[in-house]
file query-v8.txt (compact mmCIF, C-alpha atoms and all ligand atoms)
# COMPACT_ATOMS: atom_id res chain seq x y z
CA MET A 7 66.97 -92.19 130.20
CA GLU A 8 63.73 -91.76 132.11
CA PRO A 9 60.35 -90.61 130.89
CA ARG A 10 59.49 -87.04 131.89
CA SER A 11 57.51 -87.19 135.10
CA PHE A 12 55.11 -84.30 134.73
CA GLN A 13 53.89 -82.78 131.52
CA LEU A 14 50.79 -80.82 130.66
CA PHE A 15 50.85 -82.34 127.21
CA PRO A 16 52.65 -85.56 126.22
CA GLU A 17 55.62 -85.38 123.89
CA ALA A 18 54.94 -85.96 120.21
CA ALA A 19 57.03 -89.02 119.43
CA SER A 20 55.28 -91.00 116.71
CA ASN A 21 53.96 -90.68 113.18
CA PHE A 22 50.44 -90.28 114.59
CA ALA A 23 51.24 -87.52 117.06
CA GLY A 24 50.95 -84.64 114.57
CA GLN A 25 47.69 -85.95 113.09
CA VAL A 26 46.04 -86.58 116.45
CA ASP A 27 47.21 -83.25 117.87
CA GLY A 28 45.92 -81.42 114.79
CA LEU A 29 42.46 -82.93 115.21
CA TYR A 30 42.56 -82.31 118.94
CA ALA A 31 43.49 -78.67 118.43
CA PHE A 32 40.65 -78.29 115.93
CA LEU A 33 38.15 -79.74 118.43
CA VAL A 34 39.37 -77.56 121.27
CA LEU A 35 39.48 -74.36 119.19
CA THR A 36 36.04 -74.96 117.66
CA SER A 37 34.55 -75.62 121.08
CA ALA A 38 36.31 -72.61 122.60
CA PHE A 39 35.20 -70.32 119.74
CA PHE A 40 31.52 -71.23 120.07
CA SER A 41 31.60 -71.27 123.87
CA LEU A 42 33.02 -67.74 123.92
CA ILE A 43 30.55 -66.42 121.33
CA ILE A 44 27.60 -67.92 123.17
CA ALA A 45 28.79 -66.68 126.55
CA PHE A 46 29.43 -63.21 125.15
CA PHE A 47 26.03 -62.81 123.53
CA THR A 48 24.21 -64.30 126.53
CA VAL A 49 25.62 -61.53 128.69
CA PHE A 50 25.38 -58.85 125.99
CA PHE A 51 21.71 -59.54 125.19
CA ALA A 52 20.80 -59.89 128.83
CA ILE A 53 21.96 -56.32 129.30
CA LYS A 54 20.82 -54.86 126.01
CA TYR A 55 17.33 -56.35 126.06
CA ARG A 56 16.75 -56.28 129.76
CA ARG A 57 13.20 -55.50 130.77
CA LYS A 58 12.70 -51.73 130.85
CA ASP A 59 8.90 -51.48 130.74
CA ASN A 60 5.94 -53.76 130.30
CA THR A 61 5.84 -54.00 126.46
CA ILE A 62 6.18 -57.51 125.12
CA PRO A 63 8.90 -57.83 122.45
CA THR A 64 7.85 -58.68 118.88
CA PRO A 65 8.77 -62.21 117.74
CA ILE A 66 11.54 -62.23 115.17
CA ASP A 67 9.32 -63.44 112.29
CA GLU A 68 7.12 -60.40 112.41
CA HIS A 69 10.05 -58.16 111.62
CA GLY A 70 10.01 -59.80 108.21
CA ILE A 71 13.54 -61.20 108.49
CA GLY A 72 12.15 -64.71 108.41
CA GLY A 73 13.26 -67.45 110.74
CA MET A 74 14.04 -69.75 107.83
CA ILE A 75 17.43 -68.31 106.86
CA LEU A 76 18.50 -68.18 110.46
CA GLU A 77 17.44 -71.75 111.10
CA ILE A 78 19.13 -73.11 108.02
CA THR A 79 22.32 -71.28 108.94
CA TRP A 80 22.48 -72.63 112.46
CA SER A 81 21.79 -76.15 111.20
CA VAL A 82 24.14 -76.24 108.23
CA ILE A 83 27.21 -74.73 109.92
CA PRO A 84 27.24 -77.20 112.84
CA LEU A 85 26.48 -80.05 110.42
CA GLY A 86 29.48 -79.06 108.31
CA LEU A 87 31.72 -78.74 111.35
CA SER A 88 30.69 -82.08 112.80
CA MET A 89 31.18 -83.81 109.45
CA VAL A 90 34.71 -82.39 109.28
CA MET A 91 35.36 -83.82 112.77
CA PHE A 92 33.88 -87.16 111.73
CA GLY A 93 35.79 -87.43 108.47
CA TRP A 94 39.07 -86.28 109.98
CA GLY A 95 38.70 -88.66 112.94
CA ALA A 96 37.77 -91.57 110.68
CA VAL A 97 40.86 -91.08 108.51
CA ILE A 98 43.12 -91.20 111.59
CA PHE A 99 41.20 -94.16 113.03
CA PHE A 100 41.59 -96.20 109.85
CA THR A 101 45.28 -95.36 109.56
CA GLU A 102 45.85 -96.43 113.15
CA SER A 103 43.87 -99.64 112.59
CA ARG A 104 45.90 -100.88 109.64
CA PRO A 105 49.47 -101.88 110.42
CA PRO A 106 51.76 -101.82 107.36
CA ALA A 107 52.51 -105.33 106.10
CA ASP A 108 56.26 -104.99 106.64
CA ALA A 109 56.02 -103.70 110.20
CA MET A 110 58.32 -105.19 112.81
CA ASN A 111 56.43 -107.57 115.09
CA VAL A 112 56.59 -107.41 118.87
CA TYR A 113 54.40 -109.53 121.14
CA VAL A 114 52.75 -108.15 124.27
CA THR A 115 51.01 -110.15 126.97
CA GLY A 116 49.09 -108.26 129.63
CA LYS A 117 48.68 -109.81 133.05
CA GLN A 118 47.52 -108.46 136.40
CA TRP A 119 49.60 -106.27 136.78
CA MET A 120 52.42 -106.25 134.33
CA TRP A 121 53.31 -106.12 130.66
CA LYS A 122 55.32 -109.05 129.30
CA ILE A 123 57.01 -108.36 126.00
CA GLN A 124 58.67 -110.76 123.57
CA HIS A 125 60.74 -109.90 120.53
CA GLN A 126 60.86 -112.24 117.55
CA GLU A 127 64.61 -112.51 117.98
CA GLY A 128 64.10 -113.98 121.43
CA ALA A 129 64.68 -111.06 123.79
CA ARG A 130 62.10 -110.76 126.55
CA GLU A 131 61.31 -107.93 128.90
CA ILE A 132 58.81 -106.93 131.53
CA ASN A 133 57.27 -103.45 131.74
CA GLU A 134 59.82 -102.24 129.23
CA LEU A 135 59.71 -102.09 125.47
CA HIS A 136 62.87 -101.41 123.50
CA ILE A 137 62.34 -100.46 119.86
CA PRO A 138 64.31 -98.80 117.09
CA VAL A 139 63.41 -95.30 115.93
CA ASP A 140 61.78 -94.69 112.52
CA ARG A 141 60.60 -98.27 112.06
CA ASP A 142 56.97 -99.34 111.80
CA ILE A 143 56.24 -101.41 114.89
CA ARG A 144 53.27 -103.72 115.15
CA LEU A 145 52.27 -105.03 118.56
CA THR A 146 50.32 -108.29 118.68
CA MET A 147 48.71 -108.36 122.07
CA THR A 148 46.75 -110.66 124.33
CA SER A 149 45.91 -110.99 128.00
CA GLU A 150 46.29 -113.86 130.45
CA ASP A 151 43.41 -112.70 132.61
CA VAL A 152 41.22 -109.61 132.28
CA ILE A 153 40.94 -106.77 129.80
CA HIS A 154 43.86 -104.36 129.81
CA ASP A 155 44.73 -101.55 127.41
CA PHE A 156 48.16 -100.69 126.06
CA PHE A 157 48.51 -96.93 125.93
CA VAL A 158 51.53 -94.86 125.00
CA PRO A 159 50.44 -91.21 125.19
CA ALA A 160 53.57 -89.97 123.41
CA PHE A 161 52.61 -92.16 120.43
CA ARG A 162 48.93 -91.09 120.55
CA THR A 163 47.73 -94.64 120.22
CA LYS A 164 46.11 -97.24 122.42
CA SER A 165 44.29 -100.51 122.06
CA ASP A 166 42.46 -102.94 124.32
CA VAL A 167 44.28 -106.13 125.24
CA LEU A 168 41.78 -108.95 125.53
CA PRO A 169 41.94 -112.46 126.99
CA GLY A 170 41.42 -115.20 124.40
CA LYS A 171 42.06 -112.95 121.43
CA TYR A 172 44.84 -111.11 119.62
CA THR A 173 44.55 -107.40 119.06
CA THR A 174 47.07 -105.21 117.30
CA GLU A 175 48.38 -101.70 117.58
CA TRP A 176 51.02 -100.03 115.45
CA PHE A 177 53.08 -96.87 115.33
CA ARG A 178 56.33 -95.50 114.01
CA PRO A 179 58.38 -93.86 116.75
CA THR A 180 59.99 -90.72 115.40
CA LYS A 181 62.03 -89.51 118.35
CA ILE A 182 64.68 -91.24 120.45
CA GLY A 183 63.75 -91.16 124.11
CA ALA A 184 61.85 -92.83 126.95
CA TYR A 185 58.07 -92.68 127.14
CA HIS A 186 55.37 -93.88 129.50
CA ILE A 187 53.30 -97.00 128.96
CA PHE A 188 49.99 -96.99 130.81
CA CYS A 189 47.27 -99.55 131.22
CA ALA A 190 44.18 -97.62 130.17
CA GLU A 191 41.49 -100.08 131.20
CA TYR A 192 40.60 -100.57 134.86
CA CYS A 193 41.83 -104.09 135.61
CA GLY A 194 41.86 -104.49 139.38
CA THR A 195 43.46 -103.05 142.48
CA LYS A 196 46.89 -102.38 141.00
CA HIS A 197 45.66 -101.08 137.66
CA SER A 198 47.36 -97.76 138.27
CA GLY A 199 50.65 -99.57 138.86
CA MET A 200 50.48 -101.42 135.56
CA ILE A 201 52.90 -99.07 133.90
CA GLY A 202 56.09 -99.29 131.92
CA VAL A 203 58.54 -97.49 129.71
CA VAL A 204 59.11 -97.54 125.95
CA TYR A 205 62.73 -96.94 125.04
CA VAL A 206 63.08 -95.66 121.51
CA MET A 207 66.68 -96.19 120.41
CA SER A 208 68.81 -95.68 117.33
CA GLN A 209 68.95 -98.75 115.10
CA ALA A 210 72.56 -99.38 116.18
CA ASP A 211 71.72 -99.17 119.89
CA TYR A 212 68.74 -101.41 119.31
CA ASN A 213 70.92 -104.00 117.57
CA ASP A 214 73.32 -103.92 120.53
CA TRP A 215 70.44 -104.31 122.92
CA LEU A 216 69.03 -107.25 120.94
CA ALA A 217 72.42 -108.92 120.76
CA LYS A 218 72.43 -109.20 124.53
CA GLY A 219 69.33 -111.32 123.97
CA SER A 220 67.90 -113.95 126.24
CA GLY A 221 70.24 -116.73 125.18
CA GLU A 222 67.18 -118.86 124.50
CA GLY A 223 67.09 -118.45 120.74
CA SER A 224 64.50 -116.70 118.64
CA MET A 225 60.79 -117.04 119.32
CA ALA A 226 60.48 -119.32 116.30
CA GLU A 227 63.28 -121.55 117.61
CA GLN A 228 61.66 -121.72 121.01
CA GLY A 229 58.37 -122.45 119.28
CA GLN A 230 60.01 -125.28 117.38
CA ALA A 231 61.31 -126.75 120.63
CA LEU A 232 57.80 -126.59 122.03
CA PHE A 233 56.43 -128.10 118.81
CA ASN A 234 58.79 -131.06 119.17
CA GLN A 235 58.26 -131.41 122.88
CA LEU A 236 54.49 -131.56 122.48
CA GLY A 237 54.78 -134.04 119.62
CA CYS A 238 52.90 -131.84 117.15
CA GLY A 239 55.15 -133.14 114.36
CA ASN A 240 53.78 -136.67 114.72
CA CYS A 241 50.75 -135.54 112.76
CA HIS A 242 51.66 -132.13 111.31
CA PRO A 243 54.41 -132.31 108.70
CA SER A 244 56.34 -129.08 108.70
CA THR A 245 59.11 -129.39 106.16
CA VAL A 246 57.80 -129.91 102.64
CA GLN A 247 54.42 -129.40 101.16
CA ARG A 248 52.93 -132.85 101.55
CA THR A 249 50.68 -134.63 103.93
CA ASN A 250 50.46 -137.85 105.85
CA GLY A 251 46.69 -137.67 105.88
CA ARG A 252 46.40 -137.06 109.60
CA ALA A 253 46.81 -133.32 109.84
CA PRO A 254 47.54 -130.37 107.58
CA ASN A 255 51.12 -129.62 106.66
CA LEU A 256 52.19 -126.43 108.31
CA ALA A 257 54.91 -125.43 105.85
CA GLY A 258 53.88 -122.31 104.00
CA ILE A 259 50.40 -122.42 105.49
CA TYR A 260 50.62 -119.08 107.29
CA GLY A 261 48.84 -116.33 105.40
CA THR A 262 47.00 -118.75 103.09
CA THR A 263 43.26 -119.38 103.06
CA VAL A 264 42.13 -122.94 103.73
CA ASP A 265 38.84 -124.74 103.12
CA LEU A 266 37.14 -126.03 106.21
CA LYS A 267 35.12 -129.16 106.77
CA ASP A 268 31.91 -127.19 107.12
CA GLY A 269 32.39 -125.65 103.68
CA SER A 270 33.57 -122.24 104.86
CA ARG A 271 37.07 -120.86 104.47
CA VAL A 272 39.45 -119.27 106.90
CA LYS A 273 42.64 -117.27 106.61
CA VAL A 274 45.48 -118.86 108.53
CA ASP A 275 46.55 -115.99 110.76
CA GLU A 276 47.72 -115.70 114.35
CA ALA A 277 44.17 -116.01 115.66
CA TYR A 278 43.37 -119.19 113.70
CA ILE A 279 46.62 -120.88 114.76
CA ARG A 280 45.94 -120.02 118.37
CA GLU A 281 42.38 -121.29 118.11
CA SER A 282 43.51 -124.52 116.44
CA VAL A 283 45.83 -125.31 119.34
CA LEU A 284 43.32 -124.54 122.06
CA ASN A 285 40.11 -125.61 120.37
CA PRO A 286 41.12 -127.94 117.52
CA GLU A 287 37.65 -129.40 116.99
CA GLY A 288 36.23 -125.95 116.31
CA ARG A 289 37.27 -125.30 112.70
CA ILE A 290 38.79 -128.36 111.05
CA VAL A 291 40.47 -128.16 107.66
CA ALA A 292 38.51 -130.04 104.98
CA GLY A 293 39.71 -133.57 104.44
CA TYR A 294 40.84 -134.18 108.01
CA ASP A 295 39.26 -135.82 111.02
CA ASN A 296 38.84 -134.44 114.47
CA ILE A 297 41.69 -136.35 116.07
CA MET A 298 43.70 -133.59 117.71
CA PRO A 299 43.49 -133.22 121.49
CA THR A 300 43.05 -129.76 122.92
CA PHE A 301 46.02 -128.03 124.50
CA LYS A 302 43.84 -125.75 126.56
CA GLY A 303 45.29 -125.38 130.03
CA LEU A 304 48.60 -126.85 128.88
CA MET A 305 49.82 -123.79 127.06
CA THR A 306 50.71 -120.34 128.30
CA GLU A 307 50.01 -117.31 126.14
CA ASP A 308 53.77 -116.92 125.74
CA GLY A 309 54.03 -120.49 124.52
CA LEU A 310 51.19 -119.97 122.05
CA LEU A 311 52.92 -116.90 120.64
CA LYS A 312 56.10 -118.94 120.17
CA LEU A 313 54.19 -121.65 118.32
CA VAL A 314 52.58 -118.95 116.15
CA GLU A 315 56.04 -117.55 115.37
CA TYR A 316 57.29 -121.05 114.53
CA VAL A 317 54.43 -121.67 112.09
CA LYS A 318 55.00 -118.25 110.55
CA SER A 319 58.68 -119.08 110.12
CA LEU A 320 57.85 -122.25 108.16
CA GLY A 321 57.08 -120.58 104.91
CA PRO A 322 56.39 -117.42 103.01
CA ALA A 323 53.19 -115.69 103.92
CA ASN A 324 51.89 -115.48 100.40
CA GLY A 325 52.22 -119.16 99.57
CA ALA A 326 55.24 -119.12 97.30
CA PRO A 327 56.24 -122.60 96.22
CA MET A 328 57.91 -124.86 98.73
CA PRO A 329 60.69 -127.00 97.35
CA ALA A 330 59.20 -130.12 95.83
CA VAL A 331 60.82 -133.29 97.03
CA PRO A 332 61.18 -136.22 94.63
CA GLY A 333 58.83 -139.02 95.49
CA THR A 334 56.47 -136.79 97.42
CA VAL A 335 53.04 -138.30 97.26
CA ASP A 336 49.94 -136.24 97.68
CA LEU A 337 47.85 -138.49 99.85
CA ASN A 338 45.13 -135.98 100.21
CA PRO A 339 43.66 -134.31 97.16
CA LYS A 340 41.75 -131.84 99.31
CA GLN A 341 45.02 -130.49 100.49
CA THR A 342 45.80 -129.29 96.99
CA GLN A 343 43.14 -126.65 97.48
CA LEU A 344 45.18 -125.24 100.28
CA LYS A 345 45.78 -122.03 98.48
CA ALA A 346 43.82 -120.52 95.68
CA GLY A 347 46.24 -120.38 92.80
CA GLY A 348 47.77 -123.37 94.56
CA THR A 349 51.45 -122.66 94.03
CA ALA A 350 52.57 -124.65 97.04
CA ALA A 351 50.04 -127.38 96.46
CA GLN A 352 51.00 -127.76 92.81
CA ALA A 353 54.58 -128.20 93.80
CA GLY A 354 53.50 -131.17 95.87
CA LYS A 355 51.36 -132.59 93.09
CA LYS A 356 54.08 -133.07 90.51
CU1 LIG A 401 45.82 -103.58 133.25
CU2 LIG A 401 44.53 -101.70 133.95

call {"tool": "encode", "arguments": {"input": "query-v8.txt", "output": "structure tokens", "more": "lines below"}}
Ligand code: CUA
result
Amino acid sequence: MEPRSFQLFPEAASNFAGQVDGLYAFLVLTSAFFSLIIAFFTVFFAIKYRRKDNTIPTPIDEHGIGGMILEITWSVIPLGLSMVMFGWGAVIFFTESRPPADAMNVYVTGKQWMWKIQHQEGAREINELHIPVDRDIRLTMTSEDVIHDFFVPAFRTKSDVLPGKYTTEWFRPTKIGAYHIFCAEYCGTKHSGMIGVVYVMSQADYNDWLAKGSGEGSMAEQGQALFNQLGCGNCHPSTVQRTNGRAPNLAGIYGTTVDLKDGSRVKVDEAYIRESVLNPEGRIVAGYDNIMPTFKGLMTEDGLLKLVEYVKSLGPANGAPMPAVPGTVDLNPKQTQLKAGGTAAQAGKK
């Protein structure tokens, strides 16, 4: 299965393809319609009203037609057309910007000049992305060096891939096949070679492909190994909702909103976890001291993504109660504010 090598128009292989193509067709046809009309009348009037003698033509107003109606018409029609383009484009933009909550997560790291891809289950690939058909796929992406851009023309979606930040892109592939991946942001001499292939497979084929795996365990398991190896657990409890007073418990923390020392609040998402590893003194959870060393320079982007997956695996995203353990002592009352509605925290309080 190879992507088609030359096409005038990319295949339509995702949920967005029809929407984007519809808007594109509208733009092209509108432009073509007005271009042809203008070109036609330019030539037609040039011939019809060509200079035959020395009389000066009467301005349009003096014929009594009035310029007003004409001017309103040629203002209102283009305004209407451009608002249709704006509204239509905005709807597609917002849909493409909001991945569904239950989308399947795949991690992408851009690097001069390759795409490194990690699946939650542990499989890893380079310049290839295997995904099942008819599933919402969410890519969480970052770069190890410069700005890249992950573009799959057949899916009609693309997004910048930035160093030091996570960006996302989502789509639902609708057609089994192989499609091009391009880097769509100039990123150095081999930018044009930073290409790859998306393989959209049936769910059964995808399961077979996943089963071959990397033999290294899931991303969360690898993240746990890293967590242990780096000694994170010496300060961060990760099993039940309690605290030792040194650092926030990570169980169930993903997806919650925590109070910070400076009085503000932050949602614990991929970006905040990443930031807390690399720049722990930046936004400290209320009730804790700045005692964590930075892991900047010690962690690869791949490693960070594994840690993120591990923290995500530690508890439900919406803060459902963690099992309370008899004799659990809440050493830190601040921690009970961990989650508004405090289900997890209350469990620890009893
Ligand atoms: Cu990476 Cu262009």

call {"tool": "residues_near_ligand", "arguments": {"input": "query-v8.txt", "ligand": "ligand LIG 401 (chain A)", "cutoff": "9 Å", "atoms": "all atoms listed in the file", "output": "list in words"}}
result
Gly116, Lys117, Gln118, Trp119, Met120, Trp121, Val152, Ile153, His154, Asp155, Phe156, Val167, Phe188, Cys189, Ala190, Glu191, Tyr192, Cys193, Gly194, Thr195, Lys196, His197, Ser198, Gly199, Met200 and Ile201 of chain A

call {"tool": "residues_around", "arguments": {"input": "query-v8.txt", "residues": "Phe40 in chain A", "least_positions_apart": "6", "cutoff": "12 Å", "atoms": "all atoms listed in the file", "output": "PyMOL selection string"}}
result
chain A and resi 33-34+46-48+80+83-84+87

call {"tool": "closest_residue", "arguments": {"input": "query-v8.txt", "among": "A:Leu304, A:Ile44, A:Leu310, A:Val49", "to": "Ala226 in chain A", "atoms": "all atoms listed in the file"}}
result
A:Leu310

call {"tool": "residues_near_point", "arguments": {"input": "query-v8.txt", "point": "(58.8, -108.5, 122.6)", "cutoff": "6 Å", "atoms": "all atoms listed in the file", "output": "count of residues only"}}
result
6

call {"tool": "atom_distance", "arguments": {"input": "query-v8.txt", "atom1": "CA of Thr263 in chain A", "atom2": "CA of Val291 in chain A"}}
result
10.3 Å

call {"tool": "atom_distance", "arguments": {"input": "query-v8.txt", "atom1": "CA of Thr101 in chain A", "atom2": "CA of Phe177 in chain A"}}
result
9.8 Å

call {"tool": "closest_residue", "arguments": {"input": "query-v8.txt", "among": "A:Gln126, A:Phe32, A:Val158, A:Asp59", "to": "Ser88 in chain A", "atoms": "all atoms listed in the file"}}
result
A:Phe32

call {"tool": "residues_near_point", "arguments": {"input": "query-v8.txt", "point": "(57.9, -126.2, 126.1)", "cutoff": "12 Å", "atoms": "all atoms listed in the file", "output": "CSV table (one decimal) with C-alpha atoms, in the frame of the given file"}}
result
chain,number,residue,atom,x,y,z
A,222,GLU,CA,67.2,-118.9,124.5
A,225,MET,CA,60.8,-117.0,119.3
A,227,GLU,CA,63.3,-121.6,117.6
A,228,GLN,CA,61.7,-121.7,121.0
A,229,GLY,CA,58.4,-122.4,119.3
A,230,GLN,CA,60.0,-125.3,117.4
A,231,ALA,CA,61.3,-126.8,120.6
A,232,LEU,CA,57.8,-126.6,122.0
A,233,PHE,CA,56.4,-128.1,118.8
A,234,ASN,CA,58.8,-131.1,119.2
A,235,GLN,CA,58.3,-131.4,122.9
A,236,LEU,CA,54.5,-131.6,122.5
A,237,GLY,CA,54.8,-134.0,119.6
A,238,CYS,CA,52.9,-131.8,117.2
A,304,LEU,CA,48.6,-126.8,128.9
A,305,MET,CA,49.8,-123.8,127.1
A,306,THR,CA,50.7,-120.3,128.3
A,307,GLU,CA,50.0,-117.3,126.1
A,308,ASP,CA,53.8,-116.9,125.7
A,309,GLY,CA,54.0,-120.5,124.5
A,310,LEU,CA,51.2,-120.0,122.0
A,311,LEU,CA,52.9,-116.9,120.6
A,312,LYS,CA,56.1,-118.9,120.2
A,313,LEU,CA,54.2,-121.6,118.3
